[in-house]
$ cat input_31.cif   # mmCIF, N, CA and C atoms
data_protein
loop_
_atom_site.label_atom_id
_atom_site.label_comp_id
_atom_site.auth_asym_id
_atom_site.auth_seq_id
_atom_site.Cartn_x
_atom_site.Cartn_y
_atom_site.Cartn_z
N MET A 37 -30.07 58.19 -104.98
CA MET A 37 -30.05 59.62 -105.15
C MET A 37 -28.79 60.21 -104.55
N ALA A 38 -28.39 59.76 -103.38
CA ALA A 38 -27.20 60.31 -102.75
C ALA A 38 -25.96 60.05 -103.60
N LEU A 39 -25.85 58.85 -104.16
CA LEU A 39 -24.70 58.55 -105.01
C LEU A 39 -24.68 59.45 -106.23
N GLU A 40 -25.84 59.62 -106.85
CA GLU A 40 -25.91 60.45 -108.05
C GLU A 40 -25.53 61.89 -107.74
N GLU A 41 -26.06 62.45 -106.68
CA GLU A 41 -25.77 63.83 -106.31
C GLU A 41 -24.29 64.00 -105.95
N GLY A 42 -23.75 63.01 -105.22
CA GLY A 42 -22.34 63.08 -104.86
C GLY A 42 -21.43 63.02 -106.07
N ALA A 43 -21.78 62.18 -107.03
CA ALA A 43 -20.99 62.09 -108.26
C ALA A 43 -21.01 63.40 -109.01
N LYS A 44 -22.17 64.01 -109.11
CA LYS A 44 -22.28 65.29 -109.82
C LYS A 44 -21.44 66.36 -109.15
N ALA A 45 -21.53 66.42 -107.83
CA ALA A 45 -20.76 67.44 -107.11
C ALA A 45 -19.26 67.19 -107.27
N GLY A 46 -18.85 65.93 -107.17
CA GLY A 46 -17.43 65.61 -107.30
C GLY A 46 -16.91 65.86 -108.70
N LEU A 47 -17.68 65.48 -109.72
CA LEU A 47 -17.25 65.65 -111.09
C LEU A 47 -17.23 67.11 -111.50
N ALA A 48 -18.09 67.91 -110.92
CA ALA A 48 -18.13 69.33 -111.27
C ALA A 48 -16.98 70.09 -110.63
N GLY A 49 -16.23 69.44 -109.78
CA GLY A 49 -15.09 70.08 -109.15
C GLY A 49 -15.47 71.05 -108.04
N THR A 50 -16.73 71.01 -107.61
CA THR A 50 -17.19 71.94 -106.59
C THR A 50 -17.32 71.31 -105.22
N ALA A 51 -17.02 70.04 -105.13
CA ALA A 51 -17.19 69.35 -103.86
C ALA A 51 -16.10 69.75 -102.87
N THR A 52 -16.51 69.91 -101.64
CA THR A 52 -15.52 70.15 -100.61
C THR A 52 -14.88 68.82 -100.24
N LYS A 53 -13.85 68.86 -99.46
CA LYS A 53 -13.18 67.63 -99.03
C LYS A 53 -14.15 66.73 -98.26
N LEU A 54 -14.99 67.33 -97.42
CA LEU A 54 -15.96 66.53 -96.66
C LEU A 54 -16.94 65.82 -97.58
N ILE A 55 -17.42 66.51 -98.59
CA ILE A 55 -18.37 65.90 -99.53
C ILE A 55 -17.68 64.80 -100.32
N ALA A 56 -16.48 65.06 -100.79
CA ALA A 56 -15.74 64.05 -101.55
C ALA A 56 -15.49 62.81 -100.69
N ASP A 57 -15.10 63.02 -99.43
CA ASP A 57 -14.86 61.88 -98.54
C ASP A 57 -16.16 61.12 -98.25
N ALA A 58 -17.25 61.84 -98.04
CA ALA A 58 -18.54 61.20 -97.77
C ALA A 58 -19.00 60.39 -98.97
N TYR A 59 -18.80 60.94 -100.17
CA TYR A 59 -19.17 60.22 -101.39
C TYR A 59 -18.34 58.95 -101.55
N ASP A 60 -17.03 59.05 -101.34
CA ASP A 60 -16.16 57.87 -101.45
C ASP A 60 -16.56 56.79 -100.45
N THR A 61 -16.90 57.21 -99.24
CA THR A 61 -17.33 56.26 -98.22
C THR A 61 -18.61 55.55 -98.66
N LEU A 62 -19.59 56.33 -99.11
CA LEU A 62 -20.86 55.73 -99.54
C LEU A 62 -20.64 54.81 -100.75
N LYS A 63 -19.85 55.25 -101.70
CA LYS A 63 -19.58 54.44 -102.89
C LYS A 63 -18.97 53.09 -102.50
N GLY A 64 -18.01 53.12 -101.58
CA GLY A 64 -17.39 51.88 -101.13
C GLY A 64 -18.36 50.95 -100.42
N LEU A 65 -19.21 51.53 -99.56
CA LEU A 65 -20.21 50.71 -98.85
C LEU A 65 -21.20 50.08 -99.82
N VAL A 66 -21.67 50.85 -100.80
CA VAL A 66 -22.63 50.32 -101.77
C VAL A 66 -21.97 49.23 -102.61
N ALA A 67 -20.76 49.45 -103.07
CA ALA A 67 -20.07 48.43 -103.87
C ALA A 67 -19.90 47.14 -103.07
N ARG A 68 -19.56 47.25 -101.79
CA ARG A 68 -19.42 46.05 -100.95
C ARG A 68 -20.75 45.33 -100.78
N ARG A 69 -21.84 46.09 -100.60
CA ARG A 69 -23.16 45.46 -100.48
C ARG A 69 -23.50 44.70 -101.76
N LEU A 70 -23.21 45.30 -102.91
CA LEU A 70 -23.51 44.65 -104.18
C LEU A 70 -22.68 43.39 -104.37
N ARG A 71 -21.40 43.45 -103.99
CA ARG A 71 -20.53 42.26 -104.11
C ARG A 71 -21.02 41.15 -103.19
N ARG A 72 -21.45 41.48 -101.99
CA ARG A 72 -21.96 40.47 -101.07
C ARG A 72 -23.20 39.79 -101.61
N ASN A 73 -23.93 40.49 -102.47
CA ASN A 73 -25.15 39.94 -103.03
C ASN A 73 -24.90 39.25 -104.37
N GLY A 74 -23.64 39.07 -104.75
CA GLY A 74 -23.32 38.29 -105.93
C GLY A 74 -22.83 39.05 -107.14
N ALA A 75 -22.85 40.38 -107.09
CA ALA A 75 -22.33 41.15 -108.22
C ALA A 75 -20.80 41.02 -108.22
N ASP A 76 -20.22 40.91 -109.41
CA ASP A 76 -18.76 40.88 -109.46
C ASP A 76 -18.23 42.31 -109.34
N ASP A 77 -16.92 42.45 -109.18
CA ASP A 77 -16.31 43.76 -108.98
C ASP A 77 -16.64 44.73 -110.11
N GLU A 78 -16.52 44.26 -111.35
CA GLU A 78 -16.76 45.14 -112.50
C GLU A 78 -18.21 45.59 -112.55
N GLN A 79 -19.13 44.65 -112.29
CA GLN A 79 -20.56 44.98 -112.31
C GLN A 79 -20.92 45.95 -111.19
N SER A 80 -20.41 45.71 -110.00
CA SER A 80 -20.75 46.58 -108.88
C SER A 80 -20.18 47.98 -109.09
N ILE A 81 -18.98 48.07 -109.62
CA ILE A 81 -18.38 49.38 -109.90
C ILE A 81 -19.17 50.11 -110.98
N ALA A 82 -19.58 49.39 -112.04
CA ALA A 82 -20.36 50.01 -113.11
C ALA A 82 -21.68 50.55 -112.58
N LEU A 83 -22.33 49.80 -111.69
CA LEU A 83 -23.58 50.28 -111.12
C LEU A 83 -23.37 51.51 -110.25
N VAL A 84 -22.34 51.47 -109.41
CA VAL A 84 -22.07 52.59 -108.51
C VAL A 84 -21.61 53.81 -109.29
N GLU A 85 -20.71 53.61 -110.22
CA GLU A 85 -20.17 54.72 -111.00
C GLU A 85 -21.13 55.15 -112.11
N GLN A 86 -22.16 54.36 -112.33
CA GLN A 86 -23.15 54.63 -113.36
C GLN A 86 -22.47 54.79 -114.72
N ALA A 87 -21.70 53.77 -115.07
CA ALA A 87 -20.87 53.85 -116.26
C ALA A 87 -21.54 53.36 -117.54
N ASN A 88 -22.64 52.64 -117.47
CA ASN A 88 -23.24 52.04 -118.66
C ASN A 88 -24.72 52.37 -118.77
N GLY A 89 -25.23 52.52 -119.99
CA GLY A 89 -26.65 52.70 -120.23
C GLY A 89 -27.13 54.12 -119.98
N THR A 90 -28.45 54.29 -120.12
CA THR A 90 -29.06 55.60 -119.88
C THR A 90 -29.15 55.85 -118.38
N ALA A 91 -29.37 57.10 -118.01
CA ALA A 91 -29.48 57.45 -116.59
C ALA A 91 -30.61 56.68 -115.93
N GLU A 92 -31.74 56.56 -116.62
CA GLU A 92 -32.88 55.84 -116.06
C GLU A 92 -32.56 54.36 -115.88
N ASP A 93 -31.89 53.77 -116.87
CA ASP A 93 -31.52 52.36 -116.78
C ASP A 93 -30.55 52.13 -115.62
N ARG A 94 -29.57 53.02 -115.48
CA ARG A 94 -28.58 52.88 -114.41
C ARG A 94 -29.25 53.01 -113.05
N GLN A 95 -30.13 53.99 -112.91
CA GLN A 95 -30.80 54.19 -111.62
C GLN A 95 -31.67 52.99 -111.29
N THR A 96 -32.39 52.48 -112.28
CA THR A 96 -33.24 51.31 -112.07
C THR A 96 -32.40 50.10 -111.67
N ALA A 97 -31.30 49.87 -112.39
CA ALA A 97 -30.44 48.73 -112.09
C ALA A 97 -29.85 48.83 -110.69
N LEU A 98 -29.35 50.01 -110.32
CA LEU A 98 -28.76 50.19 -109.00
C LEU A 98 -29.82 50.02 -107.92
N THR A 99 -31.00 50.58 -108.13
CA THR A 99 -32.09 50.45 -107.15
C THR A 99 -32.48 49.00 -106.96
N GLU A 100 -32.60 48.26 -108.07
CA GLU A 100 -32.96 46.84 -107.97
C GLU A 100 -31.88 46.05 -107.25
N GLN A 101 -30.63 46.30 -107.59
CA GLN A 101 -29.53 45.57 -106.95
C GLN A 101 -29.47 45.88 -105.46
N LEU A 102 -29.64 47.14 -105.09
CA LEU A 102 -29.60 47.50 -103.67
C LEU A 102 -30.80 46.92 -102.92
N ALA A 103 -31.96 46.90 -103.57
CA ALA A 103 -33.14 46.31 -102.94
C ALA A 103 -32.90 44.83 -102.65
N ALA A 104 -32.26 44.14 -103.60
CA ALA A 104 -31.96 42.72 -103.42
C ALA A 104 -30.89 42.50 -102.36
N ALA A 105 -29.90 43.40 -102.32
CA ALA A 105 -28.79 43.25 -101.37
C ALA A 105 -29.17 43.72 -99.98
N GLY A 106 -30.12 44.63 -99.91
CA GLY A 106 -30.48 45.23 -98.63
C GLY A 106 -29.51 46.36 -98.30
N VAL A 107 -30.03 47.35 -97.64
CA VAL A 107 -29.20 48.48 -97.23
C VAL A 107 -29.07 48.43 -95.72
N ASP A 108 -27.84 48.27 -95.25
CA ASP A 108 -27.60 48.20 -93.81
C ASP A 108 -27.50 49.60 -93.22
N ASP A 109 -27.45 49.66 -91.88
CA ASP A 109 -27.39 50.95 -91.19
C ASP A 109 -26.20 51.81 -91.60
N PRO A 110 -24.98 51.25 -91.68
CA PRO A 110 -23.86 52.10 -92.08
C PRO A 110 -24.04 52.73 -93.47
N THR A 111 -24.61 51.96 -94.40
CA THR A 111 -24.83 52.49 -95.74
C THR A 111 -25.90 53.57 -95.71
N GLN A 112 -26.98 53.35 -94.98
CA GLN A 112 -28.04 54.34 -94.84
C GLN A 112 -27.51 55.62 -94.20
N GLN A 113 -26.71 55.46 -93.16
CA GLN A 113 -26.15 56.63 -92.47
C GLN A 113 -25.18 57.40 -93.37
N ALA A 114 -24.40 56.69 -94.16
CA ALA A 114 -23.46 57.34 -95.07
C ALA A 114 -24.22 58.11 -96.15
N ALA A 115 -25.32 57.54 -96.65
CA ALA A 115 -26.13 58.23 -97.66
C ALA A 115 -26.75 59.50 -97.06
N GLN A 116 -27.26 59.39 -95.86
CA GLN A 116 -27.86 60.56 -95.22
C GLN A 116 -26.82 61.64 -94.95
N LYS A 117 -25.64 61.24 -94.52
CA LYS A 117 -24.57 62.21 -94.27
C LYS A 117 -24.21 62.96 -95.54
N LEU A 118 -24.07 62.23 -96.65
CA LEU A 118 -23.74 62.86 -97.93
C LEU A 118 -24.83 63.84 -98.35
N LEU A 119 -26.09 63.43 -98.25
CA LEU A 119 -27.18 64.34 -98.62
C LEU A 119 -27.19 65.58 -97.73
N ASP A 120 -26.95 65.42 -96.44
CA ASP A 120 -26.91 66.55 -95.53
C ASP A 120 -25.78 67.52 -95.90
N LEU A 121 -24.61 66.97 -96.22
CA LEU A 121 -23.48 67.82 -96.62
C LEU A 121 -23.76 68.56 -97.92
N LEU A 122 -24.39 67.87 -98.87
CA LEU A 122 -24.72 68.50 -100.14
C LEU A 122 -25.72 69.64 -99.95
N ARG A 123 -26.72 69.39 -99.12
CA ARG A 123 -27.71 70.44 -98.85
C ARG A 123 -27.06 71.63 -98.16
N ALA A 124 -26.19 71.36 -97.20
CA ALA A 124 -25.51 72.44 -96.47
C ALA A 124 -24.60 73.25 -97.40
N ALA A 125 -24.06 72.60 -98.41
CA ALA A 125 -23.16 73.28 -99.35
C ALA A 125 -23.95 74.06 -100.40
N GLY A 126 -25.26 73.92 -100.38
CA GLY A 126 -26.08 74.68 -101.31
C GLY A 126 -26.28 74.02 -102.65
N THR A 127 -26.04 72.73 -102.75
CA THR A 127 -26.29 72.02 -104.00
C THR A 127 -27.79 72.04 -104.27
N LYS A 128 -28.18 72.62 -105.42
CA LYS A 128 -29.61 72.73 -105.67
C LYS A 128 -30.04 72.25 -107.04
N TYR A 129 -29.12 71.86 -107.88
CA TYR A 129 -29.48 71.41 -109.22
C TYR A 129 -29.22 69.93 -109.38
N SER A 130 -30.15 69.26 -110.03
CA SER A 130 -29.99 67.88 -110.43
C SER A 130 -30.46 67.79 -111.87
N ILE A 131 -29.53 67.82 -112.80
CA ILE A 131 -29.88 67.95 -114.21
C ILE A 131 -29.28 66.80 -115.00
N ASN A 132 -30.11 66.21 -115.86
CA ASN A 132 -29.66 65.18 -116.77
C ASN A 132 -30.15 65.56 -118.16
N ALA A 133 -29.29 66.18 -118.95
CA ALA A 133 -29.67 66.64 -120.28
C ALA A 133 -28.53 66.38 -121.27
N PRO A 134 -28.18 65.10 -121.51
CA PRO A 134 -27.01 64.79 -122.31
C PRO A 134 -27.11 65.24 -123.77
N ASP A 135 -28.33 65.37 -124.32
CA ASP A 135 -28.48 65.75 -125.72
C ASP A 135 -29.00 67.17 -125.90
N ALA A 136 -28.98 67.95 -124.84
CA ALA A 136 -29.52 69.32 -124.90
C ALA A 136 -28.61 70.21 -125.74
N LYS A 137 -29.24 71.14 -126.42
CA LYS A 137 -28.50 72.14 -127.21
C LYS A 137 -28.98 73.51 -126.75
N GLY A 138 -28.06 74.43 -126.53
CA GLY A 138 -28.43 75.76 -126.09
C GLY A 138 -28.91 75.80 -124.66
N LEU A 139 -28.46 74.89 -123.84
CA LEU A 139 -28.90 74.79 -122.45
C LEU A 139 -27.98 75.59 -121.55
N MET A 140 -28.56 76.34 -120.65
CA MET A 140 -27.78 77.06 -119.63
C MET A 140 -28.27 76.60 -118.28
N ILE A 141 -27.36 76.43 -117.36
CA ILE A 141 -27.69 75.98 -116.02
C ILE A 141 -27.21 77.03 -115.04
N GLY A 142 -28.07 77.44 -114.16
CA GLY A 142 -27.69 78.42 -113.15
C GLY A 142 -28.73 79.51 -113.04
N ASP A 143 -28.45 80.46 -112.19
CA ASP A 143 -29.37 81.56 -111.94
C ASP A 143 -28.93 82.81 -112.69
N HIS A 144 -29.91 83.59 -113.12
CA HIS A 144 -29.70 84.92 -113.69
C HIS A 144 -28.82 84.92 -114.93
N ASN A 145 -28.96 83.92 -115.78
CA ASN A 145 -28.19 83.82 -117.01
C ASN A 145 -28.90 84.54 -118.15
N THR A 146 -28.15 84.91 -119.15
CA THR A 146 -28.68 85.46 -120.39
C THR A 146 -28.06 84.70 -121.54
N GLN A 147 -28.88 84.36 -122.53
CA GLN A 147 -28.39 83.58 -123.66
C GLN A 147 -29.15 83.97 -124.91
N THR A 148 -28.46 84.05 -126.02
CA THR A 148 -29.07 84.27 -127.32
C THR A 148 -28.68 83.10 -128.21
N ASN A 149 -29.68 82.42 -128.77
CA ASN A 149 -29.42 81.28 -129.65
C ASN A 149 -29.82 81.64 -131.07
N THR A 150 -29.00 81.27 -132.02
CA THR A 150 -29.32 81.42 -133.43
C THR A 150 -29.11 80.06 -134.09
N TYR A 151 -30.18 79.52 -134.62
CA TYR A 151 -30.10 78.21 -135.26
C TYR A 151 -30.29 78.39 -136.76
N ASN A 152 -29.51 77.67 -137.53
CA ASN A 152 -29.64 77.72 -138.99
C ASN A 152 -30.16 76.41 -139.52
#

$ encode --input "input_31.cif" --output "structure tokens"
Amino acid sequence: MALEEGAKAGLAGTATKLIADAYDTLKGLVARRLRRNGADDEQSIALVEQANGTAEDRQTALTEQLAAAGVDDPTQQAAQKLLDLLRAAGTKYSINAPDAKGLMIGDHNTQTNTYN
């Protein structure tokens, strides 16, 4: 969850330097854990960056790989730090709607849709 939230914040361009640094730290720690457990560089990067498959498939694969590799204290602490920073920054949305049409995200929006 921390990796996913950090990626969203970083990709949206709204991350502060602290959040971006915390995300990079966590991403590096997770990739190293996966490599120690036998994943090659390309596979570990794809899992961390969530580059392949559906969101559910990626989350399941990353969860399974991390469960097999084990999560050490530094990785756990880095994940908690990132989540704390995201909460403090007011990150409140976690949305996965790749095929949505007419979708608005945010508070107090107005939208008119006309479909033919």

$ atom_distance --input "input_31.cif" --atom1 "atom N of Leu62 of chain A" --atom2 "atom N of Ala115 of chain A"
6.4 Å

$ atom_distance --input "input_31.cif" --atom1 "atom C of Asp57 of chain A" --atom2 "atom N of Gln101 of chain A"
22.7 Å

$ resolve_selection --input "input_31.cif" --expression "the PyMOL selection byres ((chain A and resi 66) around 8)" --output "list in words"
Asp60, Thr61, Leu62, Lys63, Gly64, Leu65, Ala67, Arg68, Arg69, Leu70, Arg71, Arg72, Ser80, Ile81, Val84, Leu102, Pro110 and Thr111 of chain A

$ closest_residue --input "input_31.cif" --among "A:Leu122, A:Ala136, A:Ala97, A:Ala105" --to "Asn73 of chain A" --atoms "all atoms listed in the file"
A:Ala105

$ atom_distance --input "input_31.cif" --atom1 "atom CA of Lys53 of chain A" --atom2 "atom CA of Ala125 of chain A"
11.5 Å

$ resolve_selection --input "input_31.cif" --expression "the PyMOL selection byres ((chain A and resi 138) around 8)" --output "list in words"
Asp135, Ala136, Lys137, Leu139, Met140, Ile141, Gln147, Thr148 and Asn149 of chain A

$ residues_near_point --input "input_31.cif" --point "(-17.6, 65.1, -96.5)" --cutoff "6 Å" --atoms "all atoms listed in the file" --output "VMD selection string"
chain A and resid 52 to 59

$ axis_aligned_box --input "input_31.cif" --around "segment 60-79 of chain A" --padding-each-side "3 Å" --output "AutoDock Vina command-line options"
--center_x -20.7 --center_y 48.7 --center_z -105.4 --size_x 15.0 --size_y 26.8 --size_z 20.3
